[in-house]
file entry00.csv (CSV, C-alpha atoms and all ligand atoms)
chain,number,residue,atom,x,y,z
B,1155,MET,CA,0.0,0.0,0.0
B,1156,LEU,CA,1.2,3.5,-0.8
B,1157,GLN,CA,0.5,5.0,2.6
B,1158,GLU,CA,2.6,2.3,4.3
B,1159,ARG,CA,5.4,2.8,1.8
B,1160,ILE,CA,5.4,6.5,2.4
B,1161,THR,CA,5.6,6.1,6.2
B,1162,GLN,CA,8.4,3.5,5.7
B,1163,ILE,CA,10.4,5.9,3.4
B,1164,LYS,CA,10.1,8.6,6.0
B,1165,GLU,CA,11.2,6.5,8.9
B,1166,GLU,CA,14.0,4.9,6.8
B,1167,GLY,CA,15.2,8.4,5.7
B,1168,GLU,CA,15.2,9.7,9.2
B,1169,LYS,CA,17.2,6.8,10.5
B,1170,ALA,CA,19.7,7.0,7.6
B,1171,LEU,CA,20.2,10.6,8.3
B,1172,GLN,CA,21.4,9.9,11.8
B,1173,ALA,CA,24.3,7.9,10.4
B,1174,VAL,CA,25.4,10.7,8.1
B,1175,LYS,CA,28.7,12.2,9.3
B,1176,THR,CA,30.0,14.3,6.4
B,1177,THR,CA,28.7,16.7,3.9
B,1178,ALA,CA,29.5,14.2,1.1
B,1179,GLU,CA,27.3,11.6,2.8
B,1180,LEU,CA,24.6,14.2,3.2
B,1181,GLU,CA,24.6,14.9,-0.5
B,1182,VAL,CA,24.1,11.2,-1.3
B,1183,TRP,CA,21.3,11.1,1.3
B,1184,GLU,CA,19.6,14.2,-0.3
B,1185,VAL,CA,19.6,12.6,-3.8
B,1186,LYS,CA,18.2,9.4,-2.4
B,1187,TYR,CA,15.4,10.9,-0.3
B,1188,LEU,CA,14.6,14.3,-1.7
B,1189,GLY,CA,16.0,14.2,-5.2
B,1190,ARG,CA,14.0,14.5,-8.4
B,1191,LYS,CA,14.5,10.7,-8.9
B,1192,SER,CA,13.8,9.7,-5.4
B,1193,GLU,CA,11.1,7.2,-4.6
B,1194,LEU,CA,9.1,9.7,-2.7
B,1195,ASN,CA,9.1,12.1,-5.6
B,1196,ASP,CA,8.0,9.3,-7.9
B,1197,ILE,CA,5.0,8.7,-5.6
B,1198,LEU,CA,4.1,12.3,-5.6
B,1199,LYS,CA,4.4,12.6,-9.4
B,1200,GLY,CA,2.1,9.5,-9.7
B,1201,LEU,CA,-0.7,11.2,-7.7
B,1202,LYS,CA,-2.4,12.3,-10.8
B,1203,ASP,CA,-3.1,8.6,-11.8
B,1204,LEU,CA,-4.9,7.8,-8.5
B,1205,THR,CA,-8.6,8.0,-7.8
B,1206,PRO,CA,-9.8,11.1,-6.0
B,1207,GLU,CA,-10.3,9.2,-2.8
B,1208,GLU,CA,-6.8,7.8,-2.9
B,1209,LYS,CA,-5.4,11.3,-3.8
B,1210,ARG,CA,-7.0,12.8,-0.7
B,1211,VAL,CA,-5.2,10.4,1.6
B,1212,VAL,CA,-1.9,9.9,-0.2
B,1213,GLY,CA,-1.3,13.5,-1.2
B,1214,PRO,CA,-1.2,15.1,2.2
B,1215,LEU,CA,0.7,12.2,3.6
B,1216,GLY,CA,3.3,12.3,0.9
B,1217,ASN,CA,3.8,16.0,1.2
B,1218,ALA,CA,4.0,15.9,5.0
B,1219,ALA,CA,6.7,13.1,4.7
B,1220,LYS,CA,8.6,15.2,2.2
B,1221,GLN,CA,8.4,18.3,4.4
B,1222,ALA,CA,9.5,16.3,7.5
B,1223,LEU,CA,12.5,14.9,5.6
B,1224,PHE,CA,13.5,18.3,4.2
B,1225,THR,CA,13.3,19.9,7.7
B,1226,ALA,CA,15.5,17.1,9.1
B,1227,PHE,CA,17.9,17.6,6.2
B,1228,GLU,CA,18.3,21.3,6.8
B,1229,LYS,CA,19.0,20.7,10.4
B,1230,ALA,CA,21.6,18.1,9.7
B,1231,GLN,CA,23.2,20.4,7.2
B,1232,GLY,CA,23.4,23.2,9.7
B,1233,THR,CA,25.0,20.9,12.3
B,1234,LEU,CA,27.5,19.6,9.9
B,1235,LEU,CA,28.5,23.0,8.7
B,1236,GLU,CA,29.1,24.2,12.2
B,1237,LYS,CA,31.3,21.3,12.9
B,1238,SER,CA,33.4,21.5,9.7
B,1239,SER,CA,36.8,23.2,10.1
B,1240,ASP,CA,36.1,25.4,7.0
B,1241,PHE,CA,33.3,27.1,8.9
B,1242,GLU,CA,35.7,27.9,11.8
B,1243,LYS,CA,38.3,29.2,9.4
B,1244,GLU,CA,35.8,31.5,7.6
B,1245,ARG,CA,34.2,32.7,10.7
B,1246,ILE,CA,34.7,36.5,11.1
B,1247,ASP,CA,35.1,37.9,14.6
B,1248,VAL,CA,33.8,41.4,14.2
B,1249,THR,CA,35.0,42.3,17.6
B,1250,ALA,CA,38.7,41.4,16.9
B,1251,PRO,CA,41.0,44.5,16.8
B,1252,GLY,CA,42.3,45.3,13.2
B,1253,VAL,CA,45.8,44.6,12.0
B,1254,PRO,CA,47.6,48.0,12.1
B,1255,ALA,CA,49.0,49.2,8.8
B,1256,PRO,CA,52.9,49.4,9.0
B,1257,VAL,CA,54.0,53.0,9.6
B,1258,GLY,CA,57.4,54.4,8.6
B,1259,HIS,CA,59.8,56.1,11.0
B,1260,THR,CA,61.0,59.7,10.9
B,1261,HIS,CA,64.8,59.8,10.4
B,1262,PRO,CA,66.7,61.0,13.4
B,1263,ILE,CA,68.1,63.9,11.3
B,1264,THR,CA,64.5,65.0,10.4
B,1265,ILE,CA,63.4,64.7,14.0
B,1266,VAL,CA,66.3,66.9,15.1
B,1267,GLU,CA,65.7,69.4,12.2
B,1268,ASN,CA,62.1,69.7,13.3
B,1269,GLU,CA,63.0,70.3,16.9
B,1270,ILE,CA,65.6,72.9,15.9
B,1271,GLN,CA,63.0,74.7,13.8
B,1272,ASP,CA,60.5,74.6,16.7
B,1273,ILE,CA,62.9,76.1,19.1
B,1274,PHE,CA,64.1,78.9,16.8
B,1275,THR,CA,60.6,79.8,15.5
B,1276,SER,CA,59.6,80.2,19.2
B,1277,LEU,CA,62.6,82.6,19.5
B,1278,GLY,CA,61.3,84.7,16.6
B,1279,PHE,CA,63.6,83.2,13.9
B,1280,ALA,CA,62.5,82.6,10.3
B,1281,VAL,CA,63.6,79.5,8.4
B,1282,ALA,CA,65.4,80.1,5.2
B,1283,ASP,CA,66.5,77.8,2.4
B,1284,GLY,CA,69.0,77.8,-0.5
B,1285,PRO,CA,70.4,75.7,-3.2
B,1286,GLU,CA,72.5,72.5,-2.6
B,1287,VAL,CA,74.3,73.0,-5.9
B,1288,GLU,CA,76.0,76.3,-5.5
B,1289,ASN,CA,78.3,78.5,-7.5
B,1290,GLU,CA,81.7,79.6,-6.3
B,1291,HIS,CA,80.5,83.1,-5.7
B,1292,TYR,CA,78.0,82.4,-2.9
B,1293,ASN,CA,79.9,79.4,-1.4
B,1294,PHE,CA,83.2,81.3,-1.3
B,1295,ASP,CA,83.8,84.7,-2.9
B,1296,ALA,CA,80.9,86.6,-1.3
B,1297,LEU,CA,82.0,85.1,2.1
B,1298,ASN,CA,85.4,86.8,1.7
B,1299,PHE,CA,87.4,83.7,0.8
B,1300,PRO,CA,90.3,85.2,-1.1
B,1301,LYS,CA,90.6,84.0,-4.7
B,1302,ASP,CA,93.2,81.2,-5.1
B,1303,HIS,CA,93.8,81.3,-1.5
B,1304,PRO,CA,94.3,78.0,0.5
B,1305,ALA,CA,91.3,79.0,2.7
B,1306,ARG,CA,89.2,77.5,-0.1
B,1307,ASP,CA,90.9,74.1,0.6
B,1308,MET,CA,89.9,74.4,4.2
B,1309,GLN,CA,86.6,72.8,3.2
B,1310,ASP,CA,87.5,69.9,0.9
B,1311,THR,CA,85.3,70.7,-2.1
B,1312,PHE,CA,83.8,68.4,-4.6
B,1313,TRP,CA,84.0,70.5,-7.8
B,1314,LEU,CA,81.4,69.6,-10.4
B,1315,ALA,CA,82.8,68.9,-13.9
B,1316,SER,CA,81.2,72.2,-15.0
B,1317,LEU,CA,83.5,73.1,-17.8
B,1318,ASN,CA,83.1,69.7,-19.4
B,1319,PRO,CA,79.4,69.4,-19.8
B,1320,PRO,CA,78.2,66.0,-21.0
B,1321,ALA,CA,77.3,65.9,-24.7
B,1322,GLY,CA,73.9,67.7,-25.1
B,1323,GLY,CA,74.2,68.7,-21.4
B,1324,GLU,CA,71.6,71.3,-20.4
B,1325,GLY,CA,70.4,73.4,-17.5
B,1326,GLY,CA,73.1,74.5,-15.1
B,1327,PHE,CA,75.8,73.0,-17.2
B,1328,GLU,CA,75.0,74.9,-20.4
B,1329,GLU,CA,74.6,78.2,-18.5
B,1330,ASN,CA,77.7,77.4,-16.7
B,1331,LYS,CA,79.7,77.0,-19.8
B,1332,LYS,CA,78.8,80.5,-20.9
B,1333,SER,CA,79.4,82.2,-17.6
B,1334,LYS,CA,82.5,80.1,-16.8
B,1335,GLU,CA,81.1,80.0,-13.3
B,1336,LYS,CA,82.3,77.0,-11.3
B,1337,TYR,CA,79.7,74.9,-9.5
B,1338,LEU,CA,80.0,72.7,-6.5
B,1339,PRO,CA,77.8,70.9,-4.0
B,1340,ARG,CA,77.8,73.5,-1.2
B,1341,THR,CA,80.4,72.8,1.5
B,1342,HIS,CA,78.4,74.7,4.1
B,1343,THR,CA,75.0,76.3,4.7
B,1344,SER,CA,76.8,79.7,4.8
B,1345,ASN,CA,76.1,79.9,1.1
B,1346,VAL,CA,72.6,81.1,1.9
B,1347,GLN,CA,73.9,84.0,4.1
B,1348,VAL,CA,74.6,86.5,1.2
B,1349,ARG,CA,71.7,85.1,-0.9
B,1350,TYR,CA,69.3,86.0,2.0
B,1351,MET,CA,70.9,89.4,2.7
B,1352,GLU,CA,70.6,90.4,-0.9
B,1353,THR,CA,66.9,90.3,-0.6
B,1354,HIS,CA,66.3,91.3,3.0
B,1355,THR,CA,67.2,94.3,5.2
B,1356,PRO,CA,68.2,94.0,8.9
B,1357,PRO,CA,67.1,93.5,11.5
B,1358,PHE,CA,66.4,89.9,10.9
B,1359,ARG,CA,67.1,86.5,12.4
B,1360,ILE,CA,67.1,83.3,10.5
B,1361,ILE,CA,68.2,79.7,10.6
B,1362,ILE,CA,69.2,77.7,7.5
B,1363,PRO,CA,69.0,73.9,8.0
B,1364,GLY,CA,70.3,71.8,5.1
B,1365,ARG,CA,72.5,69.2,3.5
B,1366,THR,CA,76.2,69.9,2.9
B,1367,PHE,CA,79.0,68.0,1.2
B,1368,ARG,CA,82.8,67.6,1.6
B,1369,ASN,CA,85.4,65.6,0.0
B,1370,GLU,CA,86.7,64.0,3.2
B,1371,ALA,CA,87.9,60.7,4.4
B,1372,THR,CA,85.0,59.2,6.5
B,1373,ASP,CA,85.3,58.1,10.1
B,1374,ALA,CA,83.1,58.0,13.2
B,1375,THR,CA,82.4,61.7,13.1
B,1376,HIS,CA,83.0,62.6,9.4
B,1377,GLU,CA,80.8,61.9,6.4
B,1378,HIS,CA,81.0,63.3,2.8
B,1379,THR,CA,77.3,64.2,3.1
B,1380,PHE,CA,76.1,65.7,6.3
B,1381,HIS,CA,73.6,68.2,7.7
B,1382,GLN,CA,74.3,71.6,9.1
B,1383,PHE,CA,72.2,74.4,10.3
B,1384,GLU,CA,73.3,78.0,10.0
B,1385,CYS,CA,72.1,80.7,12.3
B,1386,LEU,CA,72.3,84.4,11.2
B,1387,MET,CA,71.1,87.3,13.3
B,1388,VAL,CA,71.8,90.8,12.2
B,1389,GLY,CA,70.7,94.1,13.8
B,1390,VAL,CA,71.2,97.8,13.3
B,1391,ALA,CA,74.4,99.3,14.9
B,1392,ASP,CA,75.3,97.2,18.0
B,1393,GLU,CA,71.9,95.8,18.6
B,1394,VAL,CA,73.2,92.3,18.1
B,1395,SER,CA,76.4,91.6,20.1
B,1396,VAL,CA,78.5,88.8,21.3
B,1397,ALA,CA,76.2,88.7,24.4
B,1398,THR,CA,73.2,88.1,22.1
B,1399,PHE,CA,75.1,85.3,20.5
B,1400,LYS,CA,75.9,83.7,23.8
B,1401,TYR,CA,72.3,84.1,25.0
B,1402,VAL,CA,70.8,82.5,21.8
B,1403,ALA,CA,73.3,79.6,21.8
B,1404,GLU,CA,72.7,78.9,25.5
B,1405,THR,CA,69.0,79.0,25.2
B,1406,PHE,CA,69.1,76.7,22.2
B,1407,PHE,CA,71.3,74.1,23.8
B,1408,GLU,CA,69.2,74.1,27.0
B,1409,GLN,CA,66.0,73.6,25.1
B,1410,PHE,CA,67.4,71.1,22.7
B,1411,PHE,CA,69.1,68.8,25.3
B,1412,GLY,CA,66.6,69.6,28.1
B,1413,LYS,CA,69.5,70.3,30.4
B,1414,GLN,CA,72.6,72.4,30.5
B,1415,VAL,CA,75.5,71.2,28.4
B,1416,ASN,CA,79.1,72.1,28.7
B,1417,VAL,CA,80.2,74.3,25.7
B,1418,ARG,CA,83.7,75.4,24.9
B,1419,LEU,CA,84.8,78.2,22.6
B,1420,ARG,CA,88.2,78.1,21.0
B,1421,PRO,CA,89.7,80.9,18.8
B,1422,GLY,CA,89.2,80.0,15.2
B,1423,PHE,CA,89.4,81.4,11.7
B,1424,PHE,CA,86.8,81.9,9.1
B,1425,PRO,CA,87.1,84.5,6.4
B,1426,PHE,CA,83.4,85.5,6.9
B,1427,THR,CA,83.5,86.2,10.7
B,1428,GLU,CA,85.7,88.3,12.9
B,1429,PRO,CA,86.3,87.3,15.6
B,1430,SER,CA,85.8,83.6,14.9
B,1431,PHE,CA,85.3,80.7,17.2
B,1432,GLU,CA,85.4,76.9,17.0
B,1433,PHE,CA,82.4,75.7,19.0
B,1434,ASP,CA,82.6,72.4,21.0
B,1435,ILE,CA,80.1,70.6,23.2
B,1436,SER,CA,80.9,68.0,25.7
B,1437,CYS,CA,80.6,64.4,24.3
B,1438,SER,CA,77.4,62.8,25.4
B,1439,ILE,CA,78.5,59.3,24.5
B,1440,CYS,CA,81.0,59.2,27.3
B,1441,ASP,CA,79.8,62.2,29.4
B,1442,GLY,CA,83.0,64.0,28.6
B,1443,LYS,CA,85.2,61.2,29.9
B,1444,GLY,CA,86.8,60.3,26.5
B,1445,CYS,CA,85.8,57.6,24.0
B,1446,PRO,CA,86.5,56.6,20.4
B,1447,THR,CA,83.7,58.9,19.1
B,1448,CYS,CA,85.3,62.1,20.6
B,1449,LYS,CA,88.8,60.6,20.0
B,1450,GLN,CA,89.3,60.5,23.8
B,1451,SER,CA,89.1,64.3,24.1
B,1452,GLY,CA,85.7,64.5,25.9
B,1453,TRP,CA,84.6,67.2,23.4
B,1454,ILE,CA,82.8,67.1,20.0
B,1455,GLU,CA,83.4,69.9,17.6
B,1456,LEU,CA,80.0,71.2,16.6
B,1457,GLY,CA,81.0,73.9,14.1
B,1458,GLY,CA,82.1,77.4,13.8
B,1459,ALA,CA,80.8,80.8,14.8
B,1460,GLY,CA,81.6,84.4,15.0
B,1461,MET,CA,80.6,88.0,14.4
B,1462,VAL,CA,79.8,88.6,10.7
B,1463,ASN,CA,82.7,90.2,8.9
B,1464,GLN,CA,81.8,93.6,7.4
B,1465,ARG,CA,83.1,92.5,4.0
B,1466,VAL,CA,80.3,89.9,3.9
B,1467,PHE,CA,77.8,92.7,4.5
B,1468,GLU,CA,79.4,94.7,1.7
B,1469,ALA,CA,79.2,91.7,-0.7
B,1470,ALA,CA,75.4,91.7,0.1
B,1471,GLY,CA,75.2,95.4,-0.8
B,1472,TYR,CA,74.9,96.7,2.8
B,1473,PRO,CA,76.8,99.9,3.7
B,1474,ARG,CA,79.9,99.2,5.7
B,1475,GLY,CA,79.6,99.7,9.5
B,1476,LYS,CA,75.8,100.1,9.5
B,1477,TYR,CA,74.9,96.6,10.8
B,1478,GLN,CA,76.3,94.1,13.2
B,1479,GLY,CA,75.4,90.4,13.7
B,1480,PHE,CA,76.6,86.9,14.5
B,1481,ALA,CA,76.5,83.7,12.5
B,1482,TRP,CA,77.2,80.1,13.2
B,1483,GLY,CA,77.2,76.9,11.3
B,1484,PHE,CA,76.6,73.8,13.5
B,1485,GLY,CA,76.6,70.2,12.5
B,1486,MET,CA,73.0,69.0,12.7
B,1487,THR,CA,74.2,65.5,12.2
B,1488,ARG,CA,76.5,65.8,15.2
B,1489,LEU,CA,73.7,67.2,17.3
B,1490,ALA,CA,71.6,64.2,16.4
B,1491,MET,CA,74.5,61.9,17.4
B,1492,MET,CA,74.9,63.7,20.8
B,1493,LYS,CA,71.2,63.7,21.5
B,1494,TYR,CA,70.6,60.0,20.7
B,1495,LYS,CA,74.1,58.8,21.7
B,1496,ILE,CA,74.9,57.5,18.2
B,1497,SER,CA,78.5,56.6,18.3
B,1498,ASP,CA,79.2,56.5,14.5
B,1499,ILE,CA,78.0,59.1,12.0
B,1500,ARG,CA,78.0,56.5,9.2
B,1501,LEU,CA,75.0,54.7,10.7
B,1502,LEU,CA,72.8,57.7,9.9
B,1503,MET,CA,73.0,57.4,6.1
B,1504,SER,CA,73.6,53.7,6.0
B,1505,GLY,CA,70.0,53.0,5.1
B,1506,ASP,CA,69.9,50.1,7.6
B,1507,LEU,CA,66.3,49.8,8.7
B,1508,ARG,CA,67.3,48.1,11.9
B,1509,PHE,CA,68.9,51.3,12.9
B,1510,ILE,CA,66.1,53.6,11.7
B,1511,ARG,CA,63.4,51.5,13.4
B,1512,GLN,CA,64.8,52.5,16.8
B,1513,PHE,CA,63.5,56.1,16.4
K,1601,LIG,N1,80.6,77.6,7.5
K,1601,LIG,C1,81.5,77.2,8.6
K,1601,LIG,C2,81.8,75.7,8.4
K,1601,LIG,O1,81.1,75.0,7.9
K,1601,LIG,C3,80.9,77.4,9.9
K,1601,LIG,C4,80.6,78.8,10.3
K,1601,LIG,C5,79.3,79.3,10.0
K,1601,LIG,C6,81.5,79.6,10.9
K,1601,LIG,C7,79.1,80.7,10.3
K,1601,LIG,C8,81.3,80.9,11.2
K,1601,LIG,C9,80.0,81.4,10.9
K,1601,LIG,O2,82.9,75.3,8.8
call {"tool": "encode", "arguments": {"input": "entry00.csv", "output": "structure tokens"}}
result
Amino acid sequence: MLQERITQIKEEGEKALQAVKTTAELEVWEVKYLGRKSELNDILKGLKDLTPEEKRVVGPLGNAAKQALFTAFEKAQGTLLEKSSDFEKERIDVTAPGVPAPVGHTHPITIVENEIQDIFTSLGFAVADGPEVENEHYNFDALNFPKDHPARDMQDTFWLASLNPPAGGEGGFEENKKSKEKYLPRTHTSNVQVRYMETHTPPFRIIIPGRTFRNEATDATHEHTFHQFECLMVGVADEVSVATFKYVAETFFEQFFGKQVNVRLRPGFFPFTEPSFEFDISCSICDGKGCPTCKQSGWIELGGAGMVNQRVFEAAGYPRGKYQGFAWGFGMTRLAMMKYKISDIRLLMSGDLRFIRQF
């Protein structure tokens, strides 16, 4: 009898479903009990050939059995899916914290440059800029370096092969060929002094941070490419004196290092300052006790300083004797070394990410 067969199929199906352990097995089960070619489906398809009385009984029974099997199937499917490892893998925990995007590091020289700019702007200084490829005039002549004088060798210069422009050379090289001007990567930031003064009238106070280049043998404190920052403060008559210089320098060091540091002035010579000083600070790597970085002296030479030579004012077009000011050029790279206790200058430009990641 059809009714009995339907009940049998339903019970058999439910029982078989309990033995199903994998999704593959479930698929086989689905084809057998709910598929288009399943026995139950055949019975339901055959309803049309039955008598109305039979239809009334078999129809609802067959549909109920199909519905019951389908519900059981969906439940089994849900349970299997939850158990499968794929489901665990694909599960999204919306409360988990995100993976942070990698962020780069600011180079210690840049950190120091920004700090210096902050300190000086708070003291009313402006920040000026100038070219890294400079001509002999601004790097040397206008700063009172005598022509063909050994003072020019004081700063071992990389001369650019300006009189031998490459075939089809253009820009600076072509211009250069006509003017016979000699070009060089600037040996100091002092090249911007006269450039700035040509377009500004005192009083003013500026700093000029930037990259400089020298043809030097490298060691723990010397690099061919390094950073300096120039300070230039000029006032009318004796408004800006040696006392001003001392005050600005002390204020800067105190703010930069967050404590007092020992400084030492030695008499020096620069054609563009008179008097001139060599400026040292106590070595922070060894606290002034002596180490390989300071060559056992306890002091690090930071740069030069002095009162601006009147001949530099004249080169800028200022009348002689009208203004007075001070200037210095300090090694920004060396300041970074002293601040972060970096014992070898060559680490800074090494491009070694293990080094950079520490800042
Ligand atoms: N330009 C000098 C140097 O690089 C330093 C300096 C700057 C000295 C300004 C005096 C005044 O050695």
call {"tool": "closest_residue", "arguments": {"input": "entry00.csv", "among": "B:Glu1244, B:Glu1468, B:Asp1307, B:Glu1267", "to": "Glu1352 (chain B)", "atoms": "only C-alpha atoms"}}
result
B:Glu1468
call {"tool": "atom_distance", "arguments": {"input": "entry00.csv", "atom1": "CA of Phe1279 (chain B)", "atom2": "CA of Pro1363 (chain B)"}}
result
12.3 Å
call {"tool": "closest_atom_pairs", "arguments": {"input": "entry00.csv", "of": "region 1240-1294 of chain B", "to": "region 1298-1306 of chain B", "cutoff": "10 Å", "atoms": "only C-alpha atoms", "output": "Markdown table"}}
result
| residue | atom | partner | partner_atom | distance |
| --- | --- | --- | --- | --- |
| B:Glu1290 | CA | B:Arg1306 | CA | 10.0 |
| B:His1291 | CA | B:Phe1299 | CA | 9.5 |
| B:Tyr1292 | CA | B:Asn1298 | CA | 9.8 |
| B:Asn1293 | CA | B:Phe1299 | CA | 8.9 |
| B:Phe1294 | CA | B:Phe1299 | CA | 5.3 |
call {"tool": "atom_distance", "arguments": {"input": "entry00.csv", "atom1": "CA of Glu1335 (chain B)", "atom2": "CA of Glu1428 (chain B)"}}
result
27.9 Å
call {"tool": "closest_atom_pairs", "arguments": {"input": "entry00.csv", "of": "chain B", "to": "ligand LIG 1601 (chain K)", "cutoff": "10 Å", "atoms": "all atoms listed in the file", "output": "JSON lines"}}
result
{"residue": "B:Asn1293", "atom": "CA", "partner": "K:LIG1601", "partner_atom": "N1", "distance": 9.1}
{"residue": "B:Phe1294", "atom": "CA", "partner": "K:LIG1601", "partner_atom": "N1", "distance": 9.9}
{"residue": "B:Leu1297", "atom": "CA", "partner": "K:LIG1601", "partner_atom": "N1", "distance": 9.3}
{"residue": "B:Met1308", "atom": "CA", "partner": "K:LIG1601", "partner_atom": "O2", "distance": 8.4}
{"residue": "B:Gln1309", "atom": "CA", "partner": "K:LIG1601", "partner_atom": "O2", "distance": 7.2}
{"residue": "B:Arg1340", "atom": "CA", "partner": "K:LIG1601", "partner_atom": "O1", "distance": 9.8}
{"residue": "B:Thr1341", "atom": "CA", "partner": "K:LIG1601", "partner_atom": "O1", "distance": 6.8}
{"residue": "B:His1342", "atom": "CA", "partner": "K:LIG1601", "partner_atom": "O1", "distance": 4.7}
{"residue": "B:Thr1343", "atom": "CA", "partner": "K:LIG1601", "partner_atom": "N1", "distance": 6.4}
{"residue": "B:Ser1344", "atom": "CA", "partner": "K:LIG1601", "partner_atom": "N1", "distance": 5.1}
{"residue": "B:Asn1345", "atom": "CA", "partner": "K:LIG1601", "partner_atom": "N1", "distance": 8.2}
{"residue": "B:Gln1347", "atom": "CA", "partner": "K:LIG1601", "partner_atom": "C7", "distance": 8.7}
{"residue": "B:Thr1366", "atom": "CA", "partner": "K:LIG1601", "partner_atom": "O1", "distance": 8.7}
{"residue": "B:Phe1367", "atom": "CA", "partner": "K:LIG1601", "partner_atom": "O1", "distance": 9.9}
{"residue": "B:Arg1368", "atom": "CA", "partner": "K:LIG1601", "partner_atom": "O1", "distance": 9.9}
{"residue": "B:Gln1382", "atom": "CA", "partner": "K:LIG1601", "partner_atom": "O1", "distance": 7.7}
{"residue": "B:Phe1383", "atom": "CA", "partner": "K:LIG1601", "partner_atom": "C5", "distance": 8.6}
{"residue": "B:Glu1384", "atom": "CA", "partner": "K:LIG1601", "partner_atom": "C5", "distance": 6.1}
{"residue": "B:Cys1385", "atom": "CA", "partner": "K:LIG1601", "partner_atom": "C7", "distance": 7.3}
{"residue": "B:Leu1386", "atom": "CA", "partner": "K:LIG1601", "partner_atom": "C7", "distance": 7.8}
{"residue": "B:Gly1422", "atom": "CA", "partner": "K:LIG1601", "partner_atom": "C6", "distance": 8.8}
{"residue": "B:Phe1423", "atom": "CA", "partner": "K:LIG1601", "partner_atom": "C8", "distance": 8.1}
{"residue": "B:Phe1424", "atom": "CA", "partner": "K:LIG1601", "partner_atom": "C8", "distance": 6.0}
{"residue": "B:Pro1425", "atom": "CA", "partner": "K:LIG1601", "partner_atom": "C8", "distance": 8.3}
{"residue": "B:Phe1426", "atom": "CA", "partner": "K:LIG1601", "partner_atom": "C8", "distance": 6.6}
{"residue": "B:Thr1427", "atom": "CA", "partner": "K:LIG1601", "partner_atom": "C8", "distance": 5.8}
{"residue": "B:Glu1428", "atom": "CA", "partner": "K:LIG1601", "partner_atom": "C8", "distance": 8.8}
{"residue": "B:Pro1429", "atom": "CA", "partner": "K:LIG1601", "partner_atom": "C8", "distance": 9.2}
{"residue": "B:Ser1430", "atom": "CA", "partner": "K:LIG1601", "partner_atom": "C8", "distance": 6.4}
{"residue": "B:Phe1431", "atom": "CA", "partner": "K:LIG1601", "partner_atom": "C8", "distance": 7.2}
{"residue": "B:Glu1432", "atom": "CA", "partner": "K:LIG1601", "partner_atom": "C6", "distance": 7.7}
{"residue": "B:Phe1433", "atom": "CA", "partner": "K:LIG1601", "partner_atom": "C6", "distance": 9.0}
{"residue": "B:Leu1456", "atom": "CA", "partner": "K:LIG1601", "partner_atom": "C3", "distance": 9.2}
{"residue": "B:Gly1457", "atom": "CA", "partner": "K:LIG1601", "partner_atom": "C3", "distance": 5.5}
{"residue": "B:Gly1458", "atom": "CA", "partner": "K:LIG1601", "partner_atom": "C6", "distance": 3.7}
{"residue": "B:Ala1459", "atom": "CA", "partner": "K:LIG1601", "partner_atom": "C8", "distance": 3.6}
{"residue": "B:Gly1460", "atom": "CA", "partner": "K:LIG1601", "partner_atom": "C8", "distance": 5.2}
{"residue": "B:Met1461", "atom": "CA", "partner": "K:LIG1601", "partner_atom": "C9", "distance": 7.5}
{"residue": "B:Val1462", "atom": "CA", "partner": "K:LIG1601", "partner_atom": "C9", "distance": 7.2}
{"residue": "B:Asn1463", "atom": "CA", "partner": "K:LIG1601", "partner_atom": "C9", "distance": 9.4}
{"residue": "B:Phe1480", "atom": "CA", "partner": "K:LIG1601", "partner_atom": "C9", "distance": 7.4}
{"residue": "B:Ala1481", "atom": "CA", "partner": "K:LIG1601", "partner_atom": "C9", "distance": 4.5}
{"residue": "B:Trp1482", "atom": "CA", "partner": "K:LIG1601", "partner_atom": "C7", "distance": 3.5}
{"residue": "B:Gly1483", "atom": "CA", "partner": "K:LIG1601", "partner_atom": "C5", "distance": 3.4}
{"residue": "B:Phe1484", "atom": "CA", "partner": "K:LIG1601", "partner_atom": "C3", "distance": 6.7}
{"residue": "B:Gly1485", "atom": "CA", "partner": "K:LIG1601", "partner_atom": "O1", "distance": 8.0}
call {"tool": "atom_distance", "arguments": {"input": "entry00.csv", "atom1": "CA of Asn1217 (chain B)", "atom2": "CA of Gly1232 (chain B)"}}
result
22.5 Å
call {"tool": "closest_residue", "arguments": {"input": "entry00.csv", "among": "B:Leu1277, B:Val1388, B:Ile1361, B:Val1212", "to": "Thr1405 (chain B)", "atoms": "all atoms listed in the file"}}
result
B:Leu1277
call {"tool": "closest_residue", "arguments": {"input": "entry00.csv", "among": "B:Leu1156, B:Ala1280, B:Ala1374, B:Ala1397", "to": "Leu1201 (chain B)", "atoms": "all atoms listed in the file"}}
result
B:Leu1156
call {"tool": "closest_residue", "arguments": {"input": "entry00.csv", "among": "B:Val1466, B:Ala1282, B:Ile1270, B:Leu1502", "to": "Glu1408 (chain B)", "atoms": "all atoms listed in the file"}}
result
B:Ile1270
call {"tool": "closest_residue", "arguments": {"input": "entry00.csv", "among": "B:Ser1395, B:Ser1497, B:Gln1478, B:Gln1172", "to": "Pro1356 (chain B)", "atoms": "only C-alpha atoms"}}
result
B:Gln1478
call {"tool": "residues_around", "arguments": {"input": "entry00.csv", "residues": "Asp1441 (chain B)", "least_positions_apart": "6", "cutoff": "12 Å", "atoms": "all atoms listed in the file", "output": "mmCIF file with C-alpha atoms, in the coordinates of the input"}}
result
data_model
loop_
_atom_site.group_PDB
_atom_site.id
_atom_site.type_symbol
_atom_site.label_atom_id
_atom_site.label_comp_id
_atom_site.auth_asym_id
_atom_site.auth_seq_id
_atom_site.Cartn_x
_atom_site.Cartn_y
_atom_site.Cartn_z
ATOM 1 C CA VAL B 1415 75.500 71.200 28.400
ATOM 2 C CA ASN B 1416 79.100 72.100 28.700
ATOM 3 C CA ILE B 1435 80.100 70.600 23.200
ATOM 4 C CA THR B 1447 83.700 58.900 19.100
ATOM 5 C CA CYS B 1448 85.300 62.100 20.600
ATOM 6 C CA GLN B 1450 89.300 60.500 23.800
ATOM 7 C CA SER B 1451 89.100 64.300 24.100
ATOM 8 C CA GLY B 1452 85.700 64.500 25.900
ATOM 9 C CA TRP B 1453 84.600 67.200 23.400
ATOM 10 C CA ILE B 1454 82.800 67.100 20.000
ATOM 11 C CA MET B 1492 74.900 63.700 20.800
ATOM 12 C CA LYS B 1493 71.200 63.700 21.500
ATOM 13 C CA LYS B 1495 74.100 58.800 21.700
#
